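**Q** Dropping the structure in here first, questions after.
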Amino acid sequence: MRRAKGALAVTIATGALFTATAPAQAAAVPNLTAAGAIVIDGTNGTALMAKDADTKRPMASTTKIMTAVVVTSLPGLNLDQKVTVKQEYLDYVYAKGASSAQLKAGATPTVRQLLYGMMLPSGCDASYALADTFGTGTTMAARTADFIAKMNAKAKELGMANTVFDSFDGISATGNNLSSPRDLAQLTRHAMTSPLFQTLVKTATYSTGGTATVANWSNSNLLVQPRPTGYGYPGAIGVKTGTTTAAGKCLVFSVTRNGKTIIGVLLNDEERYMDSMALSDWALGPAASSRTALLRSNTKPIPDVLD
C-alpha cells in the first residue's frame, strides 16, 4: 500500500480504484465486498473513502430516501393529513412481490404513519400512497409520474449528476432507476438536516395504529435494531436498506460517535452490515461495544431483511 499526503490508494482484485482520506487513526481501509461504496463526513461532506463512487448502479429501496425528501419538504405539509389506502396499492405490492407495510385497504393512515410505513419496513404500498397523494394529475398513473418528476427535479437541484429516477420505490420497469454512492451520500446528508427525517430513520419500531395487518412496523436496517434481532451497532442513526435482483443488497448508513457523524453508502454488497460496521469503526474508532455488534451468532448470522 502506498501512502501520500494522508491519502490511501489501494488497488483491489476487481481492478477498481479504492481511495480514501485516512481518519485520525490512519488505519488501513477495510476490504469490502461492495461493488460501489463511499463514506463521507456528515458535517462537511468530505469523502473519507470511495470505491467506484461515481458509477451509476441500481439502488433498490434506497430510492425511498428521495421519496421521503420530496414529501417532507413540501410547503405546508400536514403530517396529520389522512390518506385512504386503495386496493391498487396492495395489488401492486402483490404483483411485484415487493416489500410491504401490510396496509389495509380502506384504512386511513396519516402522512406521518405512511412515512414510517415506507421507511421502516420499506413498504412499497406506503410509497405508492404517498406518490399518488402528492403527485398532480387526474389519474393514478399521471400523479405517480408527476411525483417521480419531482424526485428528478430535486436530484438536479442537489447536483446529483449520476442519478435518475423512474420509480417512487425502487422497483424499476425499465432498469433506469440509478444512482451512485456519492450521489446517495449527498442526498442523505441533505435529508439528515431534517429533524423529521432523522427521527424516521433511527426509529427501531413504530405502531401502525391499526392501519396495517401488523401491530408494529420494524426497521429493516439491522444496525439500529437491538440484539438479538439486529446488531445494535453503537451510534447507528439510520438510514435505509434496499434489495433487488438487479441491485443486490444495498445500505445507506449513518453513525454518530464522539461528536462526529459519518454517512456511508454500499451498493451491491452481500456483506453490507459487516462492511458498514467495519467502515464505521475505521472512520470513527471502535466503540466499547463495537466488538459485540460485529460478532455473529455462534450458530448462524442474524437473518438479513430483504426489501
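Each chain in the C-alpha cells gets a letter, A, B and so on, in the order shown; residues start at 1 in every chain, and ligands are counted from 1 in the order they appear.
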Just want the 8 Å neighbourhood of Leu158 (chain A), counted on only C-alpha atoms, with same-chain residues fewer than 3 positions away dropped. Output as a ChimeraX atom specification.
**A** /A:154-155,186-187
**Q** Pull N, CA and C atoms from the residues just selected and write them as a PDB file, in the first residue's frame.
**A**
```pdb
ATOM      1  N   LYS A 154     -35.630  17.341  -7.801  1.00  0.00           N
ATOM      2  CA  LYS A 154     -34.878  17.506  -6.549  1.00  0.00           C
ATOM      3  C   LYS A 154     -33.449  17.000  -6.711  1.00  0.00           C
ATOM      4  N   ALA A 155     -33.285  15.895  -7.427  1.00  0.00           N
ATOM      5  CA  ALA A 155     -31.941  15.370  -7.680  1.00  0.00           C
ATOM      6  C   ALA A 155     -31.108  16.388  -8.447  1.00  0.00           C
ATOM      7  N   GLN A 186     -24.706  12.299  -0.805  1.00  0.00           N
ATOM      8  CA  GLN A 186     -25.045  13.724  -0.855  1.00  0.00           C
ATOM      9  C   GLN A 186     -26.526  13.929  -0.531  1.00  0.00           C
ATOM     10  N   LEU A 187     -27.379  13.090  -1.107  1.00  0.00           N
ATOM     11  CA  LEU A 187     -28.810  13.168  -0.827  1.00  0.00           C
ATOM     12  C   LEU A 187     -29.083  12.935   0.653  1.00  0.00           C
TER      13      LEU A 187
END
```
**Q** Compile a residue-level contact table for region 230-303 of chain A against region 99-113 of chain A at a cut-off of 12 Å, reporting for every qualifying residue the shortest atom pair and its distance in Å to one decimal, with only C-alpha atoms counted, rows ordered by chain and ascending number, as CSV.
**A**
```
residue,atom,partner,partner_atom,distance
A:Thr241,CA,A:Ser99,CA,11.3
A:Gly242,CA,A:Ser99,CA,9.8
A:Thr243,CA,A:Ser99,CA,9.5
A:Thr244,CA,A:Ser99,CA,10.3
```
**Q** Can I get the selected residues back with all heavy atoms, as an mmCIF file, in the first residue's frame?
**A**
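For reference, part-v4.cif as written:
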```
data_model
loop_
_atom_site.group_PDB
_atom_site.id
_atom_site.type_symbol
_atom_site.label_atom_id
_atom_site.label_comp_id
_atom_site.auth_asym_id
_atom_site.auth_seq_id
_atom_site.Cartn_x
_atom_site.Cartn_y
_atom_site.Cartn_z
ATOM 1 N N THR A 241 -32.213 0.549 3.876
ATOM 2 C CA THR A 241 -31.791 -0.653 3.167
ATOM 3 C C THR A 241 -32.426 -0.694 1.775
ATOM 4 O O THR A 241 -33.333 0.072 1.473
ATOM 5 C CB THR A 241 -32.248 -1.907 3.927
ATOM 6 O OG1 THR A 241 -33.678 -1.865 4.053
ATOM 7 C CG2 THR A 241 -31.612 -1.980 5.303
ATOM 8 N N GLY A 242 -31.967 -1.636 0.965
ATOM 9 C CA GLY A 242 -32.585 -1.871 -0.334
ATOM 10 C C GLY A 242 -32.061 -3.167 -0.930
ATOM 11 O O GLY A 242 -30.868 -3.450 -0.818
ATOM 12 N N THR A 243 -32.955 -3.930 -1.527
ATOM 13 C CA THR A 243 -32.552 -5.192 -2.154
ATOM 14 C C THR A 243 -33.424 -5.490 -3.361
ATOM 15 O O THR A 243 -34.651 -5.489 -3.257
ATOM 16 C CB THR A 243 -32.695 -6.382 -1.170
ATOM 17 O OG1 THR A 243 -32.053 -6.078 0.063
ATOM 18 C CG2 THR A 243 -32.090 -7.645 -1.766
ATOM 19 N N THR A 244 -32.804 -5.697 -4.498
ATOM 20 C CA THR A 244 -33.478 -6.270 -5.669
ATOM 21 C C THR A 244 -32.473 -7.184 -6.352
ATOM 22 O O THR A 244 -31.274 -7.151 -6.054
ATOM 23 C CB THR A 244 -33.940 -5.193 -6.680
ATOM 24 O OG1 THR A 244 -32.796 -4.524 -7.216
ATOM 25 C CG2 THR A 244 -34.906 -4.199 -6.063
#
```
**Q** Using only C-alpha atoms, determine which residues lie at most 12 Å from Asp125 (chain A), disregarding the query and same-chain residues fewer than 2 positions distant; provide the list as a ChimeraX atom specification.
**A** /A:64,84-105,109,114-119,121-123,127-132,168-169,171,212
**Q** Can you tell me, as a count of residues only, what residues are no more than 12 Å from Asp269 (chain A) when counting only C-alpha atoms, ignoring any on the same chain fewer than 2 positions away?
**A** 29
**Q** Point out the residue among A:Val164, A:Ala153, A:Ala288, A:Leu279 with the least atom-to-atom distance to Met49 (chain A), counting only C-alpha atoms.
**A** A:Leu279
**Q** For the atom pair CA of Gly238 (chain A) and CA of Lys202 (chain A), what is the interatomic distance in Å to one decimal place?
**A**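 Interatomic distance here is 4.8 Å.
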**Q** Could you name the residues that touch Met277 (chain A) at 12 Å or less, counting only C-alpha atoms, but leaving out those on the same chain fewer than 2 positions away, as an mmCIF file with all heavy atoms, in the first residue's frame?
**A**
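Once written, selection_37.cif looks like this:
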```cif
data_model
loop_
_atom_site.group_PDB
_atom_site.id
_atom_site.type_symbol
_atom_site.label_atom_id
_atom_site.label_comp_id
_atom_site.auth_asym_id
_atom_site.auth_seq_id
_atom_site.Cartn_x
_atom_site.Cartn_y
_atom_site.Cartn_z
ATOM 1 N N PRO A 30 -10.870 -0.952 5.440
ATOM 2 C CA PRO A 30 -11.313 -2.356 5.414
ATOM 3 C C PRO A 30 -11.572 -2.829 3.990
ATOM 4 O O PRO A 30 -11.994 -2.058 3.130
ATOM 5 C CB PRO A 30 -12.622 -2.324 6.222
ATOM 6 C CG PRO A 30 -12.541 -1.084 7.052
ATOM 7 C CD PRO A 30 -11.755 -0.096 6.256
ATOM 8 N N ASN A 31 -11.317 -4.099 3.742
ATOM 9 C CA ASN A 31 -11.688 -4.697 2.471
ATOM 10 C C ASN A 31 -13.205 -4.794 2.396
ATOM 11 O O ASN A 31 -13.862 -5.134 3.389
ATOM 12 C CB ASN A 31 -11.079 -6.093 2.326
ATOM 13 C CG ASN A 31 -9.582 -6.041 2.150
ATOM 14 O OD1 ASN A 31 -9.060 -5.131 1.507
ATOM 15 N ND2 ASN A 31 -8.882 -7.019 2.710
ATOM 16 N N LEU A 32 -13.769 -4.514 1.236
ATOM 17 C CA LEU A 32 -15.210 -4.513 1.069
ATOM 18 C C LEU A 32 -15.634 -5.468 -0.034
ATOM 19 O O LEU A 32 -14.896 -5.685 -0.997
ATOM 20 C CB LEU A 32 -15.701 -3.106 0.698
ATOM 21 C CG LEU A 32 -15.357 -1.943 1.627
ATOM 22 C CD1 LEU A 32 -15.872 -0.645 1.029
ATOM 23 C CD2 LEU A 32 -15.940 -2.164 3.012
ATOM 24 N N VAL A 39 -17.824 6.704 2.019
ATOM 25 C CA VAL A 39 -18.085 7.209 3.368
ATOM 26 C C VAL A 39 -17.723 8.680 3.357
ATOM 27 O O VAL A 39 -16.632 9.054 2.899
ATOM 28 C CB VAL A 39 -17.251 6.468 4.441
ATOM 29 C CG1 VAL A 39 -17.452 7.119 5.808
ATOM 30 C CG2 VAL A 39 -17.632 4.994 4.498
ATOM 31 N N LEU A 222 -30.848 -3.271 10.166
ATOM 32 C CA LEU A 222 -30.478 -4.031 11.358
ATOM 33 C C LEU A 222 -29.416 -3.346 12.204
ATOM 34 O O LEU A 222 -29.164 -3.766 13.331
ATOM 35 C CB LEU A 222 -30.012 -5.428 10.959
ATOM 36 C CG LEU A 222 -31.050 -6.274 10.209
ATOM 37 C CD1 LEU A 222 -30.503 -7.674 9.941
ATOM 38 C CD2 LEU A 222 -32.366 -6.357 10.974
ATOM 39 N N LEU A 223 -28.794 -2.275 11.696
ATOM 40 C CA LEU A 223 -27.838 -1.537 12.525
ATOM 41 C C LEU A 223 -28.540 -0.861 13.695
ATOM 42 O O LEU A 223 -27.970 -0.754 14.790
ATOM 43 C CB LEU A 223 -27.119 -0.471 11.690
ATOM 44 C CG LEU A 223 -26.189 -0.958 10.589
ATOM 45 C CD1 LEU A 223 -25.567 0.242 9.868
ATOM 46 C CD2 LEU A 223 -25.097 -1.868 11.129
ATOM 47 N N VAL A 224 -29.777 -0.397 13.480
ATOM 48 C CA VAL A 224 -30.492 0.318 14.540
ATOM 49 C C VAL A 224 -31.349 -0.610 15.388
ATOM 50 O O VAL A 224 -31.893 -0.190 16.412
ATOM 51 C CB VAL A 224 -31.366 1.458 13.971
ATOM 52 C CG1 VAL A 224 -30.522 2.416 13.152
ATOM 53 C CG2 VAL A 224 -32.526 0.922 13.136
ATOM 54 N N TYR A 231 -28.167 -5.810 15.062
ATOM 55 C CA TYR A 231 -26.784 -5.731 15.525
ATOM 56 C C TYR A 231 -26.603 -4.759 16.686
ATOM 57 O O TYR A 231 -25.577 -4.794 17.361
ATOM 58 C CB TYR A 231 -25.865 -5.334 14.362
ATOM 59 C CG TYR A 231 -25.725 -6.431 13.345
ATOM 60 C CD1 TYR A 231 -26.433 -6.398 12.153
ATOM 61 C CD2 TYR A 231 -24.884 -7.524 13.576
ATOM 62 C CE1 TYR A 231 -26.311 -7.416 11.213
ATOM 63 C CE2 TYR A 231 -24.766 -8.548 12.653
ATOM 64 C CZ TYR A 231 -25.476 -8.490 11.478
ATOM 65 O OH TYR A 231 -25.364 -9.498 10.558
ATOM 66 N N GLY A 232 -27.574 -3.865 16.891
ATOM 67 C CA GLY A 232 -27.447 -2.906 17.975
ATOM 68 C C GLY A 232 -26.135 -2.145 17.899
ATOM 69 O O GLY A 232 -25.449 -1.961 18.893
ATOM 70 N N TYR A 233 -25.800 -1.685 16.690
ATOM 71 C CA TYR A 233 -24.489 -1.067 16.486
ATOM 72 C C TYR A 233 -24.427 0.295 17.167
ATOM 73 O O TYR A 233 -25.288 1.149 16.957
ATOM 74 C CB TYR A 233 -24.203 -0.931 14.988
ATOM 75 C CG TYR A 233 -22.809 -0.431 14.711
ATOM 76 C CD1 TYR A 233 -21.708 -1.227 14.992
ATOM 77 C CD2 TYR A 233 -22.596 0.835 14.201
ATOM 78 C CE1 TYR A 233 -20.420 -0.773 14.763
ATOM 79 C CE2 TYR A 233 -21.318 1.298 13.953
ATOM 80 C CZ TYR A 233 -20.231 0.491 14.252
ATOM 81 O OH TYR A 233 -18.954 0.952 14.030
ATOM 82 N N PRO A 234 -23.417 0.521 18.006
ATOM 83 C CA PRO A 234 -23.343 1.765 18.784
ATOM 84 C C PRO A 234 -23.226 3.007 17.912
ATOM 85 O O PRO A 234 -22.363 3.089 17.039
ATOM 86 C CB PRO A 234 -22.093 1.582 19.646
ATOM 87 C CG PRO A 234 -21.297 0.503 18.987
ATOM 88 C CD PRO A 234 -22.293 -0.381 18.315
ATOM 89 N N GLY A 235 -24.161 3.941 18.126
ATOM 90 C CA GLY A 235 -24.137 5.203 17.403
ATOM 91 C C GLY A 235 -24.889 5.203 16.093
ATOM 92 O O GLY A 235 -24.975 6.241 15.427
ATOM 93 N N ALA A 236 -25.466 4.057 15.682
ATOM 94 C CA ALA A 236 -26.196 3.991 14.405
ATOM 95 C C ALA A 236 -27.455 4.846 14.483
ATOM 96 O O ALA A 236 -28.232 4.730 15.423
ATOM 97 C CB ALA A 236 -26.554 2.556 14.070
ATOM 98 N N LEU A 251 -27.146 -0.601 1.197
ATOM 99 C CA LEU A 251 -27.333 0.004 2.509
ATOM 100 C C LEU A 251 -26.785 1.418 2.510
ATOM 101 O O LEU A 251 -25.648 1.656 2.097
ATOM 102 C CB LEU A 251 -26.612 -0.818 3.590
ATOM 103 C CG LEU A 251 -26.730 -0.298 5.027
ATOM 104 C CD1 LEU A 251 -28.171 -0.366 5.528
ATOM 105 C CD2 LEU A 251 -25.804 -1.091 5.965
ATOM 106 N N VAL A 252 -27.621 2.347 2.957
ATOM 107 C CA VAL A 252 -27.168 3.699 3.279
ATOM 108 C C VAL A 252 -27.198 3.790 4.796
ATOM 109 O O VAL A 252 -28.233 3.509 5.416
ATOM 110 C CB VAL A 252 -28.080 4.767 2.654
ATOM 111 C CG1 VAL A 252 -27.608 6.161 3.051
ATOM 112 C CG2 VAL A 252 -28.103 4.626 1.132
ATOM 113 N N PHE A 253 -26.077 4.138 5.407
ATOM 114 C CA PHE A 253 -25.997 4.127 6.866
ATOM 115 C C PHE A 253 -25.397 5.426 7.385
ATOM 116 O O PHE A 253 -24.681 6.141 6.674
ATOM 117 C CB PHE A 253 -25.182 2.929 7.360
ATOM 118 C CG PHE A 253 -23.741 2.900 6.910
ATOM 119 C CD1 PHE A 253 -22.724 3.367 7.721
ATOM 120 C CD2 PHE A 253 -23.399 2.382 5.662
ATOM 121 C CE1 PHE A 253 -21.398 3.337 7.320
ATOM 122 C CE2 PHE A 253 -22.077 2.339 5.240
ATOM 123 C CZ PHE A 253 -21.069 2.823 6.073
ATOM 124 N N SER A 254 -25.719 5.719 8.631
ATOM 125 C CA SER A 254 -25.136 6.886 9.289
ATOM 126 C C SER A 254 -24.872 6.539 10.742
ATOM 127 O O SER A 254 -25.691 5.878 11.395
ATOM 128 C CB SER A 254 -26.085 8.086 9.192
ATOM 129 O OG SER A 254 -25.488 9.250 9.732
ATOM 130 N N VAL A 255 -23.725 6.986 11.217
ATOM 131 C CA VAL A 255 -23.297 6.672 12.582
ATOM 132 C C VAL A 255 -22.723 7.929 13.215
ATOM 133 O O VAL A 255 -21.973 8.674 12.565
ATOM 134 C CB VAL A 255 -22.226 5.547 12.585
ATOM 135 C CG1 VAL A 255 -21.746 5.259 14.009
ATOM 136 C CG2 VAL A 255 -22.782 4.282 11.940
ATOM 137 N N ILE A 262 -20.774 10.218 10.393
ATOM 138 C CA ILE A 262 -20.436 9.802 9.030
ATOM 139 C C ILE A 262 -21.698 9.300 8.338
ATOM 140 O O ILE A 262 -22.664 8.884 8.980
ATOM 141 C CB ILE A 262 -19.359 8.696 8.984
ATOM 142 C CG1 ILE A 262 -19.839 7.447 9.729
ATOM 143 C CG2 ILE A 262 -18.039 9.203 9.509
ATOM 144 C CD1 ILE A 262 -19.020 6.201 9.427
ATOM 145 N N ILE A 263 -21.679 9.363 7.020
ATOM 146 C CA ILE A 263 -22.717 8.787 6.182
ATOM 147 C C ILE A 263 -22.024 7.879 5.183
ATOM 148 O O ILE A 263 -21.025 8.269 4.563
ATOM 149 C CB ILE A 263 -23.508 9.881 5.442
ATOM 150 C CG1 ILE A 263 -24.311 10.720 6.442
ATOM 151 C CG2 ILE A 263 -24.438 9.274 4.387
ATOM 152 C CD1 ILE A 263 -24.872 11.997 5.866
ATOM 153 N N GLY A 264 -22.531 6.667 5.056
ATOM 154 C CA GLY A 264 -21.925 5.708 4.140
ATOM 155 C C GLY A 264 -22.942 5.101 3.198
ATOM 156 O O GLY A 264 -24.133 5.028 3.518
ATOM 157 N N VAL A 265 -22.478 4.681 2.042
ATOM 158 C CA VAL A 265 -23.324 4.026 1.048
ATOM 159 C C VAL A 265 -22.611 2.779 0.541
ATOM 160 O O VAL A 265 -21.430 2.844 0.174
ATOM 161 C CB VAL A 265 -23.626 4.969 -0.142
ATOM 162 C CG1 VAL A 265 -24.493 4.245 -1.186
ATOM 163 C CG2 VAL A 265 -24.311 6.247 0.332
ATOM 164 N N LEU A 266 -23.332 1.673 0.522
ATOM 165 C CA LEU A 266 -22.819 0.416 -0.012
ATOM 166 C C LEU A 266 -23.821 -0.102 -1.031
ATOM 167 O O LEU A 266 -24.983 -0.354 -0.694
ATOM 168 C CB LEU A 266 -22.642 -0.615 1.113
ATOM 169 C CG LEU A 266 -21.640 -0.248 2.211
ATOM 170 C CD1 LEU A 266 -21.812 -1.165 3.423
ATOM 171 C CD2 LEU A 266 -20.217 -0.326 1.687
ATOM 172 N N GLU A 271 -22.199 -8.386 2.037
ATOM 173 C CA GLU A 271 -21.832 -8.246 3.451
ATOM 174 C C GLU A 271 -22.063 -6.804 3.901
ATOM 175 O O GLU A 271 -21.206 -6.190 4.538
ATOM 176 C CB GLU A 271 -20.370 -8.661 3.657
ATOM 177 C CG GLU A 271 -20.111 -10.130 3.436
ATOM 178 C CD GLU A 271 -20.728 -11.019 4.515
ATOM 179 O OE1 GLU A 271 -21.059 -10.481 5.591
ATOM 180 O OE2 GLU A 271 -20.883 -12.226 4.276
ATOM 181 N N ARG A 272 -23.225 -6.278 3.572
ATOM 182 C CA ARG A 272 -23.469 -4.853 3.816
ATOM 183 C C ARG A 272 -23.366 -4.465 5.289
ATOM 184 O O ARG A 272 -22.866 -3.382 5.605
ATOM 185 C CB ARG A 272 -24.830 -4.441 3.250
ATOM 186 C CG ARG A 272 -26.031 -5.219 3.758
ATOM 187 C CD ARG A 272 -27.310 -4.742 3.090
ATOM 188 N NE ARG A 272 -28.441 -5.617 3.411
ATOM 189 C CZ ARG A 272 -29.684 -5.376 3.006
ATOM 190 N NH1 ARG A 272 -29.947 -4.304 2.271
ATOM 191 N NH2 ARG A 272 -30.659 -6.207 3.313
ATOM 192 N N TYR A 273 -23.807 -5.315 6.203
ATOM 193 C CA TYR A 273 -23.731 -4.948 7.620
ATOM 194 C C TYR A 273 -22.324 -5.065 8.175
ATOM 195 O O TYR A 273 -21.847 -4.180 8.885
ATOM 196 C CB TYR A 273 -24.731 -5.777 8.436
ATOM 197 C CG TYR A 273 -26.152 -5.363 8.152
ATOM 198 C CD1 TYR A 273 -27.025 -6.202 7.477
ATOM 199 C CD2 TYR A 273 -26.614 -4.096 8.520
ATOM 200 C CE1 TYR A 273 -28.320 -5.806 7.184
ATOM 201 C CE2 TYR A 273 -27.896 -3.684 8.235
ATOM 202 C CZ TYR A 273 -28.747 -4.541 7.568
ATOM 203 O OH TYR A 273 -30.025 -4.142 7.278
ATOM 204 N N MET A 274 -21.645 -6.155 7.845
ATOM 205 C CA MET A 274 -20.261 -6.291 8.300
ATOM 206 C C MET A 274 -19.405 -5.155 7.742
ATOM 207 O O MET A 274 -18.588 -4.561 8.446
ATOM 208 C CB MET A 274 -19.688 -7.645 7.867
ATOM 209 C CG MET A 274 -20.356 -8.852 8.501
ATOM 210 S SD MET A 274 -20.213 -8.900 10.306
ATOM 211 C CE MET A 274 -21.916 -8.590 10.776
ATOM 212 N N ASP A 275 -19.606 -4.837 6.470
ATOM 213 C CA ASP A 275 -18.824 -3.776 5.840
ATOM 214 C C ASP A 275 -19.151 -2.408 6.440
ATOM 215 O O ASP A 275 -18.253 -1.593 6.670
ATOM 216 C CB ASP A 275 -19.074 -3.753 4.331
ATOM 217 C CG ASP A 275 -18.354 -4.872 3.597
ATOM 218 O OD1 ASP A 275 -17.521 -5.551 4.218
ATOM 219 O OD2 ASP A 275 -18.638 -5.073 2.397
ATOM 220 N N LEU A 279 -16.379 -0.190 8.353
ATOM 221 C CA LEU A 279 -16.070 1.160 7.869
ATOM 222 C C LEU A 279 -16.307 2.211 8.951
ATOM 223 O O LEU A 279 -15.533 3.171 9.088
ATOM 224 C CB LEU A 279 -16.930 1.489 6.646
ATOM 225 C CG LEU A 279 -16.486 0.876 5.319
ATOM 226 C CD1 LEU A 279 -17.561 1.085 4.260
ATOM 227 C CD2 LEU A 279 -15.159 1.471 4.854
ATOM 228 N N SER A 280 -17.364 2.037 9.725
ATOM 229 C CA SER A 280 -17.661 2.995 10.788
ATOM 230 C C SER A 280 -16.590 2.967 11.863
ATOM 231 O O SER A 280 -16.152 4.016 12.349
ATOM 232 C CB SER A 280 -19.042 2.698 11.397
ATOM 233 O OG SER A 280 -20.065 2.849 10.436
ATOM 234 N N ASP A 281 -16.147 1.777 12.243
ATOM 235 C CA ASP A 281 -15.056 1.676 13.223
ATOM 236 C C ASP A 281 -13.776 2.282 12.663
ATOM 237 O O ASP A 281 -12.993 2.906 13.388
ATOM 238 C CB ASP A 281 -14.820 0.212 13.609
ATOM 239 C CG ASP A 281 -15.806 -0.290 14.653
ATOM 240 O OD1 ASP A 281 -16.696 0.492 15.058
ATOM 241 O OD2 ASP A 281 -15.700 -1.462 15.056
ATOM 242 N N TRP A 282 -13.548 2.090 11.366
ATOM 243 C CA TRP A 282 -12.358 2.671 10.729
ATOM 244 C C TRP A 282 -12.413 4.195 10.755
ATOM 245 O O TRP A 282 -11.426 4.855 11.079
ATOM 246 C CB TRP A 282 -12.261 2.169 9.289
ATOM 247 C CG TRP A 282 -11.242 2.894 8.464
ATOM 248 C CD1 TRP A 282 -9.882 2.711 8.482
ATOM 249 C CD2 TRP A 282 -11.499 3.940 7.509
ATOM 250 N NE1 TRP A 282 -9.274 3.570 7.597
ATOM 251 C CE2 TRP A 282 -10.240 4.337 6.990
ATOM 252 C CE3 TRP A 282 -12.644 4.567 7.051
ATOM 253 C CZ2 TRP A 282 -10.112 5.340 6.023
ATOM 254 C CZ3 TRP A 282 -12.526 5.567 6.085
ATOM 255 C CH2 TRP A 282 -11.276 5.944 5.591
ATOM 256 N N ALA A 283 -13.564 4.749 10.435
ATOM 257 C CA ALA A 283 -13.685 6.196 10.317
ATOM 258 C C ALA A 283 -13.800 6.897 11.661
ATOM 259 O O ALA A 283 -13.301 8.016 11.823
ATOM 260 C CB ALA A 283 -14.902 6.544 9.456
ATOM 261 N N LEU A 284 -14.429 6.250 12.636
ATOM 262 C CA LEU A 284 -14.733 6.905 13.914
ATOM 263 C C LEU A 284 -13.959 6.338 15.089
ATOM 264 O O LEU A 284 -13.964 6.929 16.181
ATOM 265 C CB LEU A 284 -16.239 6.779 14.206
ATOM 266 C CG LEU A 284 -17.179 7.402 13.181
ATOM 267 C CD1 LEU A 284 -18.619 7.028 13.498
ATOM 268 C CD2 LEU A 284 -17.014 8.912 13.139
ATOM 269 N N GLY A 285 -13.320 5.194 14.888
ATOM 270 C CA GLY A 285 -12.716 4.497 16.014
ATOM 271 C C GLY A 285 -13.756 3.596 16.645
ATOM 272 O O GLY A 285 -14.941 3.963 16.712
ATOM 273 N N PRO A 286 -13.374 2.407 17.083
ATOM 274 C CA PRO A 286 -14.353 1.474 17.640
ATOM 275 C C PRO A 286 -14.907 1.947 18.977
ATOM 276 O O PRO A 286 -14.197 2.545 19.779
ATOM 277 C CB PRO A 286 -13.556 0.174 17.801
ATOM 278 C CG PRO A 286 -12.131 0.616 17.910
ATOM 279 C CD PRO A 286 -12.012 1.844 17.066
ATOM 280 N N ALA A 287 -16.192 1.694 19.180
ATOM 281 C CA ALA A 287 -16.816 1.944 20.476
ATOM 282 C C ALA A 287 -16.609 0.725 21.358
ATOM 283 O O ALA A 287 -16.207 -0.346 20.885
ATOM 284 C CB ALA A 287 -18.305 2.222 20.295
ATOM 285 N N SER A 289 -18.646 -1.284 22.606
ATOM 286 C CA SER A 289 -19.471 -2.445 22.250
ATOM 287 C C SER A 289 -19.420 -2.787 20.768
ATOM 288 O O SER A 289 -20.198 -3.598 20.292
ATOM 289 C CB SER A 289 -20.922 -2.195 22.672
ATOM 290 O OG SER A 289 -21.396 -0.973 22.137
ATOM 291 N N SER A 290 -18.503 -2.169 20.026
ATOM 292 C CA SER A 290 -18.398 -2.476 18.595
ATOM 293 C C SER A 290 -18.094 -3.944 18.370
ATOM 294 O O SER A 290 -18.631 -4.577 17.471
ATOM 295 C CB SER A 290 -17.308 -1.629 17.940
ATOM 296 O OG SER A 290 -17.722 -0.306 17.768
ATOM 297 N N ARG A 291 -17.215 -4.475 19.196
ATOM 298 C CA ARG A 291 -16.801 -5.865 19.013
ATOM 299 C C ARG A 291 -17.993 -6.808 19.149
ATOM 300 O O ARG A 291 -18.146 -7.753 18.394
ATOM 301 C CB ARG A 291 -15.710 -6.229 20.021
ATOM 302 C CG ARG A 291 -15.011 -7.546 19.728
ATOM 303 C CD ARG A 291 -13.826 -7.751 20.674
ATOM 304 N NE ARG A 291 -13.060 -8.928 20.312
ATOM 305 C CZ ARG A 291 -12.124 -8.950 19.372
ATOM 306 N NH1 ARG A 291 -11.852 -7.837 18.707
ATOM 307 N NH2 ARG A 291 -11.468 -10.053 19.104
ATOM 308 N N THR A 292 -18.859 -6.512 20.118
ATOM 309 C CA THR A 292 -20.051 -7.336 20.311
ATOM 310 C C THR A 292 -20.963 -7.249 19.098
ATOM 311 O O THR A 292 -21.501 -8.247 18.623
ATOM 312 C CB THR A 292 -20.824 -6.886 21.563
ATOM 313 O OG1 THR A 292 -19.972 -7.014 22.704
ATOM 314 C CG2 THR A 292 -22.070 -7.722 21.768
ATOM 315 N N ALA A 293 -21.151 -6.046 18.583
ATOM 316 C CA ALA A 293 -22.028 -5.862 17.425
ATOM 317 C C ALA A 293 -21.506 -6.606 16.203
ATOM 318 O O ALA A 293 -22.284 -7.162 15.419
ATOM 319 C CB ALA A 293 -22.170 -4.375 17.107
ATOM 320 N N LEU A 294 -20.191 -6.627 16.039
ATOM 321 C CA LEU A 294 -19.603 -7.264 14.866
ATOM 322 C C LEU A 294 -19.656 -8.783 14.925
ATOM 323 O O LEU A 294 -19.563 -9.452 13.900
ATOM 324 C CB LEU A 294 -18.150 -6.818 14.711
ATOM 325 C CG LEU A 294 -17.940 -5.435 14.092
ATOM 326 C CD1 LEU A 294 -16.548 -4.916 14.396
ATOM 327 C CD2 LEU A 294 -18.157 -5.484 12.587
ATOM 328 N N LEU A 295 -19.801 -9.335 16.140
ATOM 329 C CA LEU A 295 -19.818 -10.782 16.279
ATOM 330 C C LEU A 295 -21.109 -11.362 15.726
ATOM 331 O O LEU A 295 -22.194 -10.879 15.986
ATOM 332 C CB LEU A 295 -19.685 -11.183 17.753
ATOM 333 C CG LEU A 295 -18.319 -10.941 18.414
ATOM 334 C CD1 LEU A 295 -18.400 -11.279 19.889
ATOM 335 C CD2 LEU A 295 -17.240 -11.779 17.738
#
```
**Q** How far is it from CA of Leu48 (chain A) to CA of Met192 (chain A), in Å with one decimal?
**A**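 Separation of CA of Leu48 (chain A) and CA of Met192 (chain A): 18.2 Å.
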**Q** What parts of region 123-217 of chain A does DSSP call alpha helix (DSSP H)? I'd like the answer as a ChimeraX atom specification.
**A** /A:124-134,140-157,181-191,195-202
**Q** Find the residues around Pro58 (chain A) up to 8 Å (only C-alpha atoms counted), leave out those fewer than 4 positions away in its own chain, and share them as a compact mmCIF listing (two decimals) with N, CA and C atoms, in the first residue's frame.
**A**
```txt
# COMPACT_ATOMS: atom_id res chain seq x y z
N GLY A 175 -35.34 -0.44 -15.77
CA GLY A 175 -33.94 -0.58 -15.37
C GLY A 175 -33.22 0.74 -15.31
N ASN A 176 -33.97 1.83 -15.43
CA ASN A 176 -33.38 3.17 -15.45
C ASN A 176 -33.69 3.93 -14.16
N ASN A 177 -33.54 3.24 -13.05
CA ASN A 177 -33.64 3.87 -11.73
C ASN A 177 -32.27 3.70 -11.07
N LEU A 178 -31.42 4.70 -11.26
CA LEU A 178 -29.99 4.54 -10.99
C LEU A 178 -29.44 5.69 -10.17
N SER A 179 -28.43 5.37 -9.38
CA SER A 179 -27.70 6.41 -8.67
C SER A 179 -26.29 5.91 -8.40
N ALA A 246 -31.46 -6.96 -9.41
CA ALA A 246 -30.53 -6.15 -10.20
C ALA A 246 -29.55 -5.38 -9.32
N ALA A 247 -30.03 -4.88 -8.19
CA ALA A 247 -29.19 -4.02 -7.34
C ALA A 247 -28.36 -4.80 -6.34
```
